[in-house]
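Okay, my_file_24.txt is below, compact mmCIF, N, CA and C atoms:
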# COMPACT_ATOMS: atom_id res chain seq x y z
N MET Y 1 -80.38 60.96 -23.27
CA MET Y 1 -79.28 61.67 -22.67
C MET Y 1 -79.10 61.26 -21.21
N GLY Y 2 -80.12 60.90 -20.55
CA GLY Y 2 -80.04 60.51 -19.16
C GLY Y 2 -79.28 59.22 -18.96
N VAL Y 3 -79.50 58.23 -19.84
CA VAL Y 3 -78.85 56.93 -19.70
C VAL Y 3 -77.35 57.05 -20.02
N SER Y 4 -77.02 57.74 -21.11
CA SER Y 4 -75.60 57.87 -21.50
C SER Y 4 -74.83 58.70 -20.47
N GLY Y 5 -75.46 59.72 -19.92
CA GLY Y 5 -74.80 60.54 -18.89
C GLY Y 5 -74.55 59.74 -17.63
N THR Y 6 -75.51 58.86 -17.28
CA THR Y 6 -75.36 58.01 -16.11
C THR Y 6 -74.23 57.01 -16.31
N LEU Y 7 -74.15 56.42 -17.50
CA LEU Y 7 -73.09 55.47 -17.80
C LEU Y 7 -71.71 56.12 -17.75
N GLU Y 8 -71.62 57.33 -18.28
CA GLU Y 8 -70.33 58.04 -18.22
C GLU Y 8 -69.93 58.33 -16.77
N TYR Y 9 -70.91 58.72 -15.97
CA TYR Y 9 -70.64 59.02 -14.57
C TYR Y 9 -70.15 57.77 -13.84
N LEU Y 10 -70.85 56.65 -14.04
CA LEU Y 10 -70.48 55.41 -13.37
C LEU Y 10 -69.11 54.91 -13.83
N SER Y 11 -68.81 55.01 -15.11
CA SER Y 11 -67.51 54.56 -15.60
C SER Y 11 -66.38 55.42 -15.03
N GLU Y 12 -66.66 56.71 -14.85
CA GLU Y 12 -65.65 57.61 -14.27
C GLU Y 12 -65.42 57.30 -12.79
N VAL Y 13 -66.50 57.00 -12.07
CA VAL Y 13 -66.38 56.67 -10.64
C VAL Y 13 -65.57 55.38 -10.46
N PHE Y 14 -65.88 54.35 -11.26
CA PHE Y 14 -65.18 53.07 -11.11
C PHE Y 14 -63.73 53.14 -11.60
N SER Y 15 -63.44 53.96 -12.58
CA SER Y 15 -62.06 54.07 -13.05
C SER Y 15 -61.19 54.77 -12.02
N ASN Y 16 -61.72 55.69 -11.24
CA ASN Y 16 -60.96 56.37 -10.20
C ASN Y 16 -60.69 55.45 -9.01
N VAL Y 17 -61.56 54.49 -8.75
CA VAL Y 17 -61.40 53.58 -7.63
C VAL Y 17 -60.26 52.60 -7.88
N LYS Y 18 -60.05 52.20 -9.11
CA LYS Y 18 -59.08 51.17 -9.43
C LYS Y 18 -57.64 51.67 -9.54
N LYS Y 19 -57.39 52.95 -9.35
CA LYS Y 19 -56.02 53.45 -9.42
C LYS Y 19 -55.23 52.85 -8.26
N SER Y 20 -54.16 52.19 -8.59
CA SER Y 20 -53.35 51.57 -7.55
C SER Y 20 -52.00 52.27 -7.44
N LYS Y 21 -51.45 52.21 -6.26
CA LYS Y 21 -50.16 52.82 -6.04
C LYS Y 21 -49.06 51.90 -6.56
N LYS Y 22 -47.99 52.50 -6.97
CA LYS Y 22 -46.84 51.76 -7.44
C LYS Y 22 -46.17 51.09 -6.24
N LYS Y 23 -45.93 49.79 -6.32
CA LYS Y 23 -45.31 49.09 -5.21
C LYS Y 23 -43.81 49.37 -5.20
N LYS Y 24 -43.29 49.63 -4.01
CA LYS Y 24 -41.87 49.86 -3.87
C LYS Y 24 -41.14 48.53 -3.85
N GLN Y 25 -39.94 48.54 -4.39
CA GLN Y 25 -39.09 47.35 -4.39
C GLN Y 25 -38.31 47.30 -3.09
N ILE Y 26 -38.07 46.10 -2.60
CA ILE Y 26 -37.23 45.96 -1.42
C ILE Y 26 -35.79 46.27 -1.83
N ALA Y 27 -35.10 47.04 -1.01
CA ALA Y 27 -33.76 47.50 -1.37
C ALA Y 27 -32.82 47.35 -0.18
N THR Y 28 -31.55 47.25 -0.49
CA THR Y 28 -30.51 47.24 0.53
C THR Y 28 -29.61 48.44 0.28
N VAL Y 29 -29.53 49.30 1.26
CA VAL Y 29 -28.73 50.52 1.15
C VAL Y 29 -27.60 50.44 2.17
N SER Y 30 -26.38 50.61 1.68
CA SER Y 30 -25.20 50.58 2.56
C SER Y 30 -24.62 51.98 2.65
N ILE Y 31 -24.25 52.36 3.86
CA ILE Y 31 -23.73 53.69 4.15
C ILE Y 31 -22.36 53.55 4.82
N LYS Y 32 -21.39 54.33 4.35
CA LYS Y 32 -20.11 54.43 5.05
C LYS Y 32 -20.28 55.57 6.04
N ILE Y 33 -20.12 55.26 7.32
CA ILE Y 33 -20.36 56.27 8.35
C ILE Y 33 -19.30 56.15 9.43
N ARG Y 34 -18.78 57.27 9.84
CA ARG Y 34 -17.70 57.30 10.82
C ARG Y 34 -18.25 57.01 12.20
N MET Y 35 -17.78 55.90 12.80
CA MET Y 35 -18.20 55.52 14.15
C MET Y 35 -16.96 55.16 14.96
N ASP Y 36 -16.89 55.65 16.20
CA ASP Y 36 -15.72 55.42 17.03
C ASP Y 36 -15.94 54.38 18.11
N CYS Y 37 -17.16 54.25 18.60
CA CYS Y 37 -17.40 53.37 19.73
C CYS Y 37 -18.78 52.70 19.60
N GLU Y 38 -19.11 51.86 20.58
CA GLU Y 38 -20.40 51.17 20.57
C GLU Y 38 -21.56 52.16 20.75
N GLY Y 39 -21.32 53.25 21.46
CA GLY Y 39 -22.35 54.27 21.63
C GLY Y 39 -22.71 54.93 20.30
N CYS Y 40 -21.69 55.18 19.49
CA CYS Y 40 -21.93 55.75 18.15
C CYS Y 40 -22.73 54.76 17.31
N ALA Y 41 -22.37 53.49 17.40
CA ALA Y 41 -23.06 52.47 16.61
C ALA Y 41 -24.53 52.37 17.02
N ARG Y 42 -24.81 52.44 18.33
CA ARG Y 42 -26.20 52.40 18.80
C ARG Y 42 -26.98 53.61 18.32
N LYS Y 43 -26.34 54.78 18.36
CA LYS Y 43 -26.98 56.02 17.91
C LYS Y 43 -27.34 55.94 16.43
N VAL Y 44 -26.42 55.41 15.62
CA VAL Y 44 -26.65 55.28 14.18
C VAL Y 44 -27.76 54.26 13.92
N LYS Y 45 -27.71 53.13 14.63
CA LYS Y 45 -28.72 52.09 14.43
C LYS Y 45 -30.11 52.59 14.80
N LYS Y 46 -30.19 53.35 15.86
CA LYS Y 46 -31.48 53.90 16.30
C LYS Y 46 -32.03 54.89 15.27
N ALA Y 47 -31.16 55.75 14.75
CA ALA Y 47 -31.59 56.74 13.76
C ALA Y 47 -32.03 56.08 12.46
N LEU Y 48 -31.28 55.06 12.02
CA LEU Y 48 -31.61 54.40 10.75
C LEU Y 48 -32.84 53.50 10.87
N SER Y 49 -33.09 52.96 12.05
CA SER Y 49 -34.27 52.11 12.20
C SER Y 49 -35.56 52.93 12.20
N LYS Y 50 -35.46 54.25 12.39
CA LYS Y 50 -36.64 55.12 12.34
C LYS Y 50 -37.05 55.49 10.92
N VAL Y 51 -36.22 55.14 9.92
CA VAL Y 51 -36.54 55.45 8.53
C VAL Y 51 -37.78 54.65 8.13
N LYS Y 52 -38.73 55.32 7.50
CA LYS Y 52 -39.97 54.66 7.10
C LYS Y 52 -39.67 53.57 6.08
N GLY Y 53 -40.12 52.35 6.36
CA GLY Y 53 -39.94 51.22 5.45
C GLY Y 53 -38.74 50.35 5.78
N ALA Y 54 -37.93 50.73 6.76
CA ALA Y 54 -36.74 49.95 7.12
C ALA Y 54 -37.17 48.67 7.85
N LYS Y 55 -36.74 47.53 7.33
CA LYS Y 55 -37.06 46.24 7.95
C LYS Y 55 -35.96 45.79 8.89
N SER Y 56 -34.70 45.96 8.47
CA SER Y 56 -33.58 45.58 9.34
C SER Y 56 -32.43 46.56 9.15
N VAL Y 57 -31.69 46.75 10.23
CA VAL Y 57 -30.53 47.64 10.22
C VAL Y 57 -29.35 46.87 10.82
N ASP Y 58 -28.26 46.78 10.06
CA ASP Y 58 -27.04 46.14 10.55
C ASP Y 58 -25.93 47.18 10.57
N VAL Y 59 -25.20 47.24 11.68
CA VAL Y 59 -24.11 48.19 11.83
C VAL Y 59 -22.83 47.39 12.06
N ASP Y 60 -21.81 47.65 11.24
CA ASP Y 60 -20.51 47.00 11.38
C ASP Y 60 -19.51 48.07 11.77
N LEU Y 61 -19.12 48.05 13.03
CA LEU Y 61 -18.22 49.06 13.57
C LEU Y 61 -16.83 48.95 12.96
N LYS Y 62 -16.38 47.73 12.70
CA LYS Y 62 -15.03 47.51 12.16
C LYS Y 62 -14.90 48.06 10.74
N LEU Y 63 -15.91 47.83 9.90
CA LEU Y 63 -15.87 48.32 8.52
C LEU Y 63 -16.39 49.75 8.38
N GLN Y 64 -16.93 50.32 9.48
CA GLN Y 64 -17.52 51.66 9.44
C GLN Y 64 -18.69 51.67 8.44
N LYS Y 65 -19.54 50.66 8.53
CA LYS Y 65 -20.61 50.47 7.53
C LYS Y 65 -21.93 50.19 8.23
N ALA Y 66 -22.98 50.80 7.70
CA ALA Y 66 -24.34 50.53 8.17
C ALA Y 66 -25.17 50.10 6.96
N THR Y 67 -25.93 49.02 7.12
CA THR Y 67 -26.73 48.49 6.02
C THR Y 67 -28.20 48.48 6.44
N VAL Y 68 -29.04 49.09 5.62
CA VAL Y 68 -30.47 49.14 5.87
C VAL Y 68 -31.17 48.34 4.77
N THR Y 69 -32.03 47.41 5.18
CA THR Y 69 -32.79 46.59 4.24
C THR Y 69 -34.27 46.86 4.45
N GLY Y 70 -35.00 47.00 3.34
CA GLY Y 70 -36.43 47.23 3.43
C GLY Y 70 -36.91 48.03 2.24
N PHE Y 71 -38.08 48.62 2.39
CA PHE Y 71 -38.67 49.44 1.34
C PHE Y 71 -38.22 50.88 1.55
N VAL Y 72 -36.93 51.14 1.31
CA VAL Y 72 -36.34 52.44 1.60
C VAL Y 72 -35.71 53.05 0.35
N GLU Y 73 -35.51 54.35 0.40
CA GLU Y 73 -34.83 55.07 -0.67
C GLU Y 73 -33.46 55.50 -0.15
N PRO Y 74 -32.42 55.39 -0.99
CA PRO Y 74 -31.08 55.74 -0.53
C PRO Y 74 -30.95 57.18 -0.01
N LYS Y 75 -31.64 58.12 -0.62
CA LYS Y 75 -31.55 59.52 -0.18
C LYS Y 75 -32.09 59.69 1.23
N LYS Y 76 -33.19 59.01 1.53
CA LYS Y 76 -33.78 59.13 2.86
C LYS Y 76 -32.90 58.48 3.92
N VAL Y 77 -32.28 57.36 3.57
CA VAL Y 77 -31.39 56.68 4.50
C VAL Y 77 -30.16 57.56 4.77
N LEU Y 78 -29.61 58.15 3.72
CA LEU Y 78 -28.45 59.02 3.88
C LEU Y 78 -28.80 60.24 4.72
N LYS Y 79 -29.98 60.80 4.52
CA LYS Y 79 -30.41 61.96 5.30
C LYS Y 79 -30.56 61.59 6.78
N ALA Y 80 -31.10 60.40 7.05
CA ALA Y 80 -31.25 59.95 8.43
C ALA Y 80 -29.88 59.73 9.07
N ALA Y 81 -28.93 59.21 8.30
CA ALA Y 81 -27.58 59.00 8.82
C ALA Y 81 -26.89 60.33 9.10
N GLN Y 82 -27.12 61.31 8.24
CA GLN Y 82 -26.52 62.63 8.45
C GLN Y 82 -27.12 63.34 9.65
N SER Y 83 -28.34 62.97 10.02
CA SER Y 83 -28.97 63.60 11.18
C SER Y 83 -28.28 63.24 12.49
N THR Y 84 -27.45 62.20 12.48
CA THR Y 84 -26.70 61.82 13.68
C THR Y 84 -25.50 62.73 13.91
N GLY Y 85 -25.14 63.52 12.91
CA GLY Y 85 -23.99 64.40 13.05
C GLY Y 85 -22.68 63.75 12.66
N LYS Y 86 -22.76 62.54 12.15
CA LYS Y 86 -21.56 61.80 11.73
C LYS Y 86 -21.29 62.06 10.26
N LYS Y 87 -20.02 61.93 9.88
CA LYS Y 87 -19.64 62.05 8.47
C LYS Y 87 -20.06 60.77 7.76
N CYS Y 88 -20.85 60.88 6.69
CA CYS Y 88 -21.33 59.67 6.03
C CYS Y 88 -21.51 59.89 4.53
N GLU Y 89 -21.52 58.78 3.80
CA GLU Y 89 -21.73 58.77 2.36
C GLU Y 89 -22.24 57.39 1.97
N ILE Y 90 -22.80 57.28 0.77
CA ILE Y 90 -23.23 55.98 0.26
C ILE Y 90 -21.98 55.10 0.14
N TRP Y 91 -22.09 53.81 0.47
CA TRP Y 91 -20.95 52.88 0.48
C TRP Y 91 -20.25 52.89 -0.88
N PRO Y 92 -19.00 53.38 -0.94
CA PRO Y 92 -18.32 53.56 -2.23
C PRO Y 92 -17.45 52.38 -2.66
N TYR Y 93 -17.43 51.28 -1.91
CA TYR Y 93 -16.47 50.22 -2.16
C TYR Y 93 -17.09 48.97 -2.78
N VAL Y 94 -16.25 48.24 -3.52
CA VAL Y 94 -16.61 46.93 -4.06
C VAL Y 94 -15.45 45.99 -3.75
N PRO Y 95 -15.68 44.67 -3.75
CA PRO Y 95 -14.57 43.74 -3.53
C PRO Y 95 -13.51 43.91 -4.63
N TYR Y 96 -12.24 43.82 -4.23
CA TYR Y 96 -11.18 44.08 -5.21
C TYR Y 96 -11.15 43.05 -6.33
N SER Y 97 -11.75 41.90 -6.15
CA SER Y 97 -11.80 40.89 -7.21
C SER Y 97 -12.74 41.30 -8.35
N MET Y 98 -13.57 42.31 -8.14
CA MET Y 98 -14.50 42.75 -9.17
C MET Y 98 -13.90 43.80 -10.10
N VAL Y 99 -12.69 44.25 -9.81
CA VAL Y 99 -12.04 45.28 -10.60
C VAL Y 99 -10.79 44.68 -11.24
N ALA Y 100 -10.57 44.97 -12.51
CA ALA Y 100 -9.44 44.39 -13.23
C ALA Y 100 -8.11 44.92 -12.70
N HIS Y 101 -8.04 46.19 -12.35
CA HIS Y 101 -6.81 46.80 -11.86
C HIS Y 101 -7.05 47.37 -10.47
N PRO Y 102 -7.00 46.55 -9.42
CA PRO Y 102 -7.35 47.05 -8.08
C PRO Y 102 -6.33 48.02 -7.49
N TYR Y 103 -5.13 48.08 -8.04
CA TYR Y 103 -4.12 48.97 -7.48
C TYR Y 103 -3.85 50.20 -8.34
N SER Y 104 -4.72 50.47 -9.30
CA SER Y 104 -4.56 51.70 -10.09
C SER Y 104 -5.00 52.89 -9.24
N ALA Y 105 -4.51 54.05 -9.59
CA ALA Y 105 -4.78 55.25 -8.80
C ALA Y 105 -6.26 55.61 -8.77
N ALA Y 106 -7.00 55.21 -9.78
CA ALA Y 106 -8.42 55.58 -9.85
C ALA Y 106 -9.26 54.84 -8.81
N VAL Y 107 -8.85 53.64 -8.42
CA VAL Y 107 -9.69 52.85 -7.52
C VAL Y 107 -9.03 52.53 -6.18
N TYR Y 108 -7.72 52.60 -6.08
CA TYR Y 108 -7.05 52.25 -4.83
C TYR Y 108 -7.30 53.32 -3.79
N ASP Y 109 -7.65 52.89 -2.59
CA ASP Y 109 -7.92 53.82 -1.50
C ASP Y 109 -7.30 53.25 -0.24
N LYS Y 110 -6.38 53.98 0.38
CA LYS Y 110 -5.70 53.48 1.59
C LYS Y 110 -6.68 53.31 2.74
N LYS Y 111 -7.74 54.09 2.75
CA LYS Y 111 -8.69 54.04 3.86
C LYS Y 111 -9.77 52.98 3.66
N ALA Y 112 -9.73 52.28 2.55
CA ALA Y 112 -10.75 51.26 2.27
C ALA Y 112 -10.56 50.08 3.22
N PRO Y 113 -11.66 49.39 3.56
CA PRO Y 113 -11.54 48.19 4.38
C PRO Y 113 -10.73 47.12 3.65
N PRO Y 114 -10.22 46.13 4.36
CA PRO Y 114 -9.44 45.08 3.71
C PRO Y 114 -10.24 44.39 2.61
N ASN Y 115 -9.57 44.11 1.49
CA ASN Y 115 -10.15 43.43 0.33
C ASN Y 115 -11.21 44.24 -0.40
N PHE Y 116 -11.22 45.54 -0.22
CA PHE Y 116 -12.15 46.42 -0.93
C PHE Y 116 -11.39 47.53 -1.64
N VAL Y 117 -11.94 47.99 -2.76
CA VAL Y 117 -11.43 49.16 -3.49
C VAL Y 117 -12.63 50.03 -3.84
N ARG Y 118 -12.36 51.26 -4.24
CA ARG Y 118 -13.44 52.17 -4.62
C ARG Y 118 -14.12 51.69 -5.90
N ALA Y 119 -15.42 51.84 -5.96
CA ALA Y 119 -16.17 51.49 -7.17
C ALA Y 119 -15.88 52.54 -8.23
N THR Y 120 -15.87 52.13 -9.50
CA THR Y 120 -15.62 53.06 -10.58
C THR Y 120 -16.49 52.71 -11.78
N ALA Y 121 -16.81 53.73 -12.55
CA ALA Y 121 -17.57 53.51 -13.78
C ALA Y 121 -16.67 53.65 -15.00
N ASP Y 122 -15.37 53.89 -14.76
CA ASP Y 122 -14.41 54.05 -15.84
C ASP Y 122 -14.14 52.71 -16.51
N PRO Y 123 -14.50 52.54 -17.78
CA PRO Y 123 -14.33 51.23 -18.42
C PRO Y 123 -12.88 50.82 -18.60
N SER Y 124 -11.94 51.77 -18.66
CA SER Y 124 -10.54 51.40 -18.82
C SER Y 124 -9.99 50.73 -17.57
N VAL Y 125 -10.55 51.04 -16.41
CA VAL Y 125 -10.11 50.41 -15.17
C VAL Y 125 -10.88 49.12 -14.93
N ALA Y 126 -12.12 49.08 -15.35
CA ALA Y 126 -12.98 47.94 -15.05
C ALA Y 126 -12.65 46.70 -15.88
N HIS Y 127 -12.10 46.86 -17.07
CA HIS Y 127 -11.84 45.71 -17.94
C HIS Y 127 -10.41 45.75 -18.46
N LEU Y 128 -9.87 44.58 -18.73
CA LEU Y 128 -8.54 44.48 -19.30
C LEU Y 128 -8.60 44.71 -20.80
N ASN Y 129 -7.59 45.38 -21.35
CA ASN Y 129 -7.53 45.47 -22.79
C ASN Y 129 -6.93 44.16 -23.31
N PRO Y 130 -7.02 43.87 -24.61
CA PRO Y 130 -6.58 42.55 -25.12
C PRO Y 130 -5.13 42.20 -24.81
N VAL Y 131 -4.22 43.16 -24.85
CA VAL Y 131 -2.81 42.86 -24.56
C VAL Y 131 -2.63 42.47 -23.10
N GLU Y 132 -3.25 43.22 -22.19
CA GLU Y 132 -3.15 42.91 -20.77
C GLU Y 132 -3.78 41.56 -20.45
N GLU Y 133 -4.88 41.27 -21.12
CA GLU Y 133 -5.54 39.98 -20.92
C GLU Y 133 -4.64 38.84 -21.36
N GLN Y 134 -3.93 39.02 -22.47
CA GLN Y 134 -3.02 37.99 -22.96
C GLN Y 134 -1.91 37.74 -21.95
N TYR Y 135 -1.32 38.82 -21.39
CA TYR Y 135 -0.25 38.66 -20.41
C TYR Y 135 -0.76 38.03 -19.11
N SER Y 136 -1.95 38.42 -18.69
CA SER Y 136 -2.47 37.85 -17.45
C SER Y 136 -2.78 36.37 -17.61
N LEU Y 137 -3.24 35.96 -18.78
CA LEU Y 137 -3.49 34.55 -19.02
C LEU Y 137 -2.19 33.76 -19.16
N MET Y 138 -1.15 34.42 -19.67
CA MET Y 138 0.14 33.76 -19.86
C MET Y 138 0.73 33.31 -18.53
N PHE Y 139 0.58 34.13 -17.48
CA PHE Y 139 1.15 33.83 -16.18
C PHE Y 139 0.12 33.34 -15.18
N SER Y 140 -1.00 32.87 -15.68
CA SER Y 140 -2.08 32.40 -14.82
C SER Y 140 -1.77 31.00 -14.27
N ASP Y 141 -2.35 30.68 -13.13
CA ASP Y 141 -2.18 29.35 -12.54
C ASP Y 141 -2.90 28.28 -13.35
N GLU Y 142 -3.91 28.67 -14.11
CA GLU Y 142 -4.64 27.71 -14.92
C GLU Y 142 -3.91 27.35 -16.21
N ASN Y 143 -2.87 28.10 -16.55
CA ASN Y 143 -2.11 27.83 -17.76
C ASN Y 143 -1.07 26.74 -17.47
N PRO Y 144 -1.15 25.57 -18.13
CA PRO Y 144 -0.21 24.49 -17.84
C PRO Y 144 1.21 24.81 -18.30
N ASN Y 145 1.41 25.76 -19.22
CA ASN Y 145 2.74 26.11 -19.69
C ASN Y 145 3.34 27.31 -18.94
N ALA Y 146 2.70 27.76 -17.89
CA ALA Y 146 3.19 28.92 -17.15
C ALA Y 146 4.54 28.65 -16.53
N CYS Y 147 4.81 27.41 -16.09
CA CYS Y 147 6.10 27.09 -15.48
C CYS Y 147 7.23 27.24 -16.50
N ASN Y 148 6.98 26.90 -17.74
CA ASN Y 148 7.99 27.00 -18.77
C ASN Y 148 8.36 28.45 -19.05
N ILE Y 149 7.40 29.33 -18.97
CA ILE Y 149 7.64 30.75 -19.24
C ILE Y 149 8.45 31.36 -18.11
N MET Y 150 8.12 31.03 -16.89
CA MET Y 150 8.79 31.60 -15.73
C MET Y 150 10.16 31.00 -15.61
With the file now loaded, output its structure as structure tokens.
Amino acid sequence: MGVSGTLEYLSEVFSNVKKSKKKKQIATVSIKIRMDCEGCARKVKKALSKVKGAKSVDVDLKLQKATVTGFVEPKKVLKAAQSTGKKCEIWPYVPYSMVAHPYSAAVYDKKAPPNFVRATADPSVAHLNPVEEQYSLMFSDENPNACNIM
């Protein structure tokens, strides 16, 4: 009983030592945040650089966008951005070339930066149906017979 008890004890001690933490993935989090001047941009950059795991912080005053890269979580970055007292949200835009209907009411946003529309998960907006695809290909620049149709 002494030998088997000792072996169980040693196996338990060594199994507890080998527990490893889950490694975080490097992430890029973009925030839409209202900034009016360079002072606001400095304040936001300072607050976001204090987030644990942040490797780099880029602030674009023209697009009203702050991007944090590193081992960060989006919720923590958003909370740090909100601590500045500015109105902010996770970056809601995608390039308009990624959406099939960029001018539909579901995705068009007048306040969006140039060449961007709101991101959507609605499949009817994201993809063309077969009839629309046929018409778009008919008048495409890659279609050699497009001149004849027009």
Q: For Gly70 in chain Y, work out the shell of residues within 7 Å, counting only N, CA and C atoms and skipping chain neighbours fewer than 3 positions away, then give it as an MDAnalysis selection string.
A: chainID Y and resid 25:29 53:56 73
(Q) With DSSP run on the backbone, what are the strand (DSSP E) residues within range 17-137 of chain Y? I'd like them as a PyMOL selection string. (A) chain Y and resi 27-33+54-60+65-70+88-90+93-95+116-118
Q) Contacts of range 60-69 of chain Y at 8 Å or less, counting all atoms listed in the file, minus same-chain residues fewer than 5 places along, as a ChimeraX atom specification? A) /Y:26-38,41,44-45,48-49,53-55,77,91,112-114
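Those residues of range 60-132 of chain Y that DSSP, working from the backbone, places in helix (DSSP H, G or I) are Y:Pro74, Y:Lys75, Y:Lys76, Y:Val77, Y:Leu78, Y:Lys79, Y:Ala80, Y:Ala81, Y:Gln82, Y:Tyr96, Y:Ser97, Y:Met98, Y:Pro123, Y:Ser124, Y:Val125, Y:Ala126, Y:Pro130, Y:Val131, Y:Glu132.
Checking Y:Lys87, Y:Arg118, Y:Lys75, Y:Arg42 one by one against Val59 in chain Y, counting only C-alpha atoms, you find the shortest gap at Y:Arg42.
From CA of Lys111 in chain Y back to CA of Ser83 in chain Y, the distance works out to 23.6 Å.
Interatomic distance, atom N of Thr120 in chain Y to atom C of Cys88 in chain Y: 17.0 Å.
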Q: Quick one: everything within 6 Å of Val107 in chain Y, counting all atoms listed in the file, minus sequence neighbours fewer than 2 positions away in the same chain. Send it as a ChimeraX atom specification.
A: /Y:102,104-105,109,117-118
Centre and edge lengths of an axis-aligned box around all listed atoms of range 84-88 of chain Y, with 6 Å added on each side, are to be given in Å to one decimal, as lines of an AutoDock Vina configuration file.
center_x = -23.5
center_y = 62.0
center_z = 9.2
size_x = 19.8
size_y = 16.7
size_z = 21.4
Q: Find the residues around Lys76 in chain Y up to 10 Å (only C-alpha atoms counted), leave out those fewer than 3 positions away in its own chain, and share them as a PyMOL selection string.
A: chain Y and resi 48+51-52+72-73+79-82
For range 56-74 of chain Y of the block above, can you save N, CA and C atoms as a PDB file, in the first residue's frame?
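So the final result, stored in out.pdb, reads:
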ATOM      1  N   SER Y  56       0.038  47.742 -30.419  1.00  0.00           N
ATOM      2  CA  SER Y  56       0.066  49.013 -31.144  1.00  0.00           C
ATOM      3  C   SER Y  56      -1.330  49.609 -31.201  1.00  0.00           C
ATOM      4  N   VAL Y  57      -1.368  50.934 -31.221  1.00  0.00           N
ATOM      5  CA  VAL Y  57      -2.626  51.667 -31.298  1.00  0.00           C
ATOM      6  C   VAL Y  57      -2.497  52.692 -32.416  1.00  0.00           C
ATOM      7  N   ASP Y  58      -3.417  52.641 -33.377  1.00  0.00           N
ATOM      8  CA  ASP Y  58      -3.452  53.611 -34.467  1.00  0.00           C
ATOM      9  C   ASP Y  58      -4.766  54.366 -34.392  1.00  0.00           C
ATOM     10  N   VAL Y  59      -4.688  55.691 -34.493  1.00  0.00           N
ATOM     11  CA  VAL Y  59      -5.878  56.527 -34.443  1.00  0.00           C
ATOM     12  C   VAL Y  59      -5.961  57.300 -35.753  1.00  0.00           C
ATOM     13  N   ASP Y  60      -7.103  57.203 -36.428  1.00  0.00           N
ATOM     14  CA  ASP Y  60      -7.340  57.923 -37.675  1.00  0.00           C
ATOM     15  C   ASP Y  60      -8.444  58.940 -37.411  1.00  0.00           C
ATOM     16  N   LEU Y  61      -8.046  60.194 -37.313  1.00  0.00           N
ATOM     17  CA  LEU Y  61      -8.979  61.262 -36.978  1.00  0.00           C
ATOM     18  C   LEU Y  61      -9.988  61.484 -38.107  1.00  0.00           C
ATOM     19  N   LYS Y  62      -9.548  61.344 -39.348  1.00  0.00           N
ATOM     20  CA  LYS Y  62     -10.425  61.591 -40.493  1.00  0.00           C
ATOM     21  C   LYS Y  62     -11.548  60.552 -40.585  1.00  0.00           C
ATOM     22  N   LEU Y  63     -11.218  59.277 -40.360  1.00  0.00           N
ATOM     23  CA  LEU Y  63     -12.224  58.216 -40.414  1.00  0.00           C
ATOM     24  C   LEU Y  63     -12.956  58.014 -39.092  1.00  0.00           C
ATOM     25  N   GLN Y  64     -12.512  58.721 -38.028  1.00  0.00           N
ATOM     26  CA  GLN Y  64     -13.089  58.549 -36.690  1.00  0.00           C
ATOM     27  C   GLN Y  64     -12.913  57.096 -36.240  1.00  0.00           C
ATOM     28  N   LYS Y  65     -11.707  56.570 -36.419  1.00  0.00           N
ATOM     29  CA  LYS Y  65     -11.446  55.144 -36.180  1.00  0.00           C
ATOM     30  C   LYS Y  65     -10.174  54.976 -35.353  1.00  0.00           C
ATOM     31  N   ALA Y  66     -10.237  54.056 -34.403  1.00  0.00           N
ATOM     32  CA  ALA Y  66      -9.061  53.676 -33.623  1.00  0.00           C
ATOM     33  C   ALA Y  66      -8.877  52.169 -33.766  1.00  0.00           C
ATOM     34  N   THR Y  67      -7.642  51.744 -34.033  1.00  0.00           N
ATOM     35  CA  THR Y  67      -7.356  50.328 -34.230  1.00  0.00           C
ATOM     36  C   THR Y  67      -6.318  49.887 -33.205  1.00  0.00           C
ATOM     37  N   VAL Y  68      -6.644  48.834 -32.470  1.00  0.00           N
ATOM     38  CA  VAL Y  68      -5.742  48.276 -31.467  1.00  0.00           C
ATOM     39  C   VAL Y  68      -5.327  46.882 -31.927  1.00  0.00           C
ATOM     40  N   THR Y  69      -4.019  46.633 -31.955  1.00  0.00           N
ATOM     41  CA  THR Y  69      -3.495  45.331 -32.346  1.00  0.00           C
ATOM     42  C   THR Y  69      -2.728  44.750 -31.164  1.00  0.00           C
ATOM     43  N   GLY Y  70      -2.934  43.452 -30.928  1.00  0.00           N
ATOM     44  CA  GLY Y  70      -2.233  42.786 -29.841  1.00  0.00           C
ATOM     45  C   GLY Y  70      -3.066  41.648 -29.289  1.00  0.00           C
ATOM     46  N   PHE Y  71      -2.726  41.225 -28.098  1.00  0.00           N
ATOM     47  CA  PHE Y  71      -3.443  40.145 -27.430  1.00  0.00           C
ATOM     48  C   PHE Y  71      -4.560  40.762 -26.591  1.00  0.00           C
ATOM     49  N   VAL Y  72      -5.579  41.289 -27.272  1.00  0.00           N
ATOM     50  CA  VAL Y  72      -6.655  42.026 -26.613  1.00  0.00           C
ATOM     51  C   VAL Y  72      -8.013  41.407 -26.921  1.00  0.00           C
ATOM     52  N   GLU Y  73      -8.976  41.727 -26.078  1.00  0.00           N
ATOM     53  CA  GLU Y  73     -10.353  41.298 -26.280  1.00  0.00           C
ATOM     54  C   GLU Y  73     -11.175  42.529 -26.676  1.00  0.00           C
ATOM     55  N   PRO Y  74     -12.094  42.374 -27.637  1.00  0.00           N
ATOM     56  CA  PRO Y  74     -12.876  43.527 -28.090  1.00  0.00           C
ATOM     57  C   PRO Y  74     -13.664  44.227 -26.975  1.00  0.00           C
TER      58      PRO Y  74
END
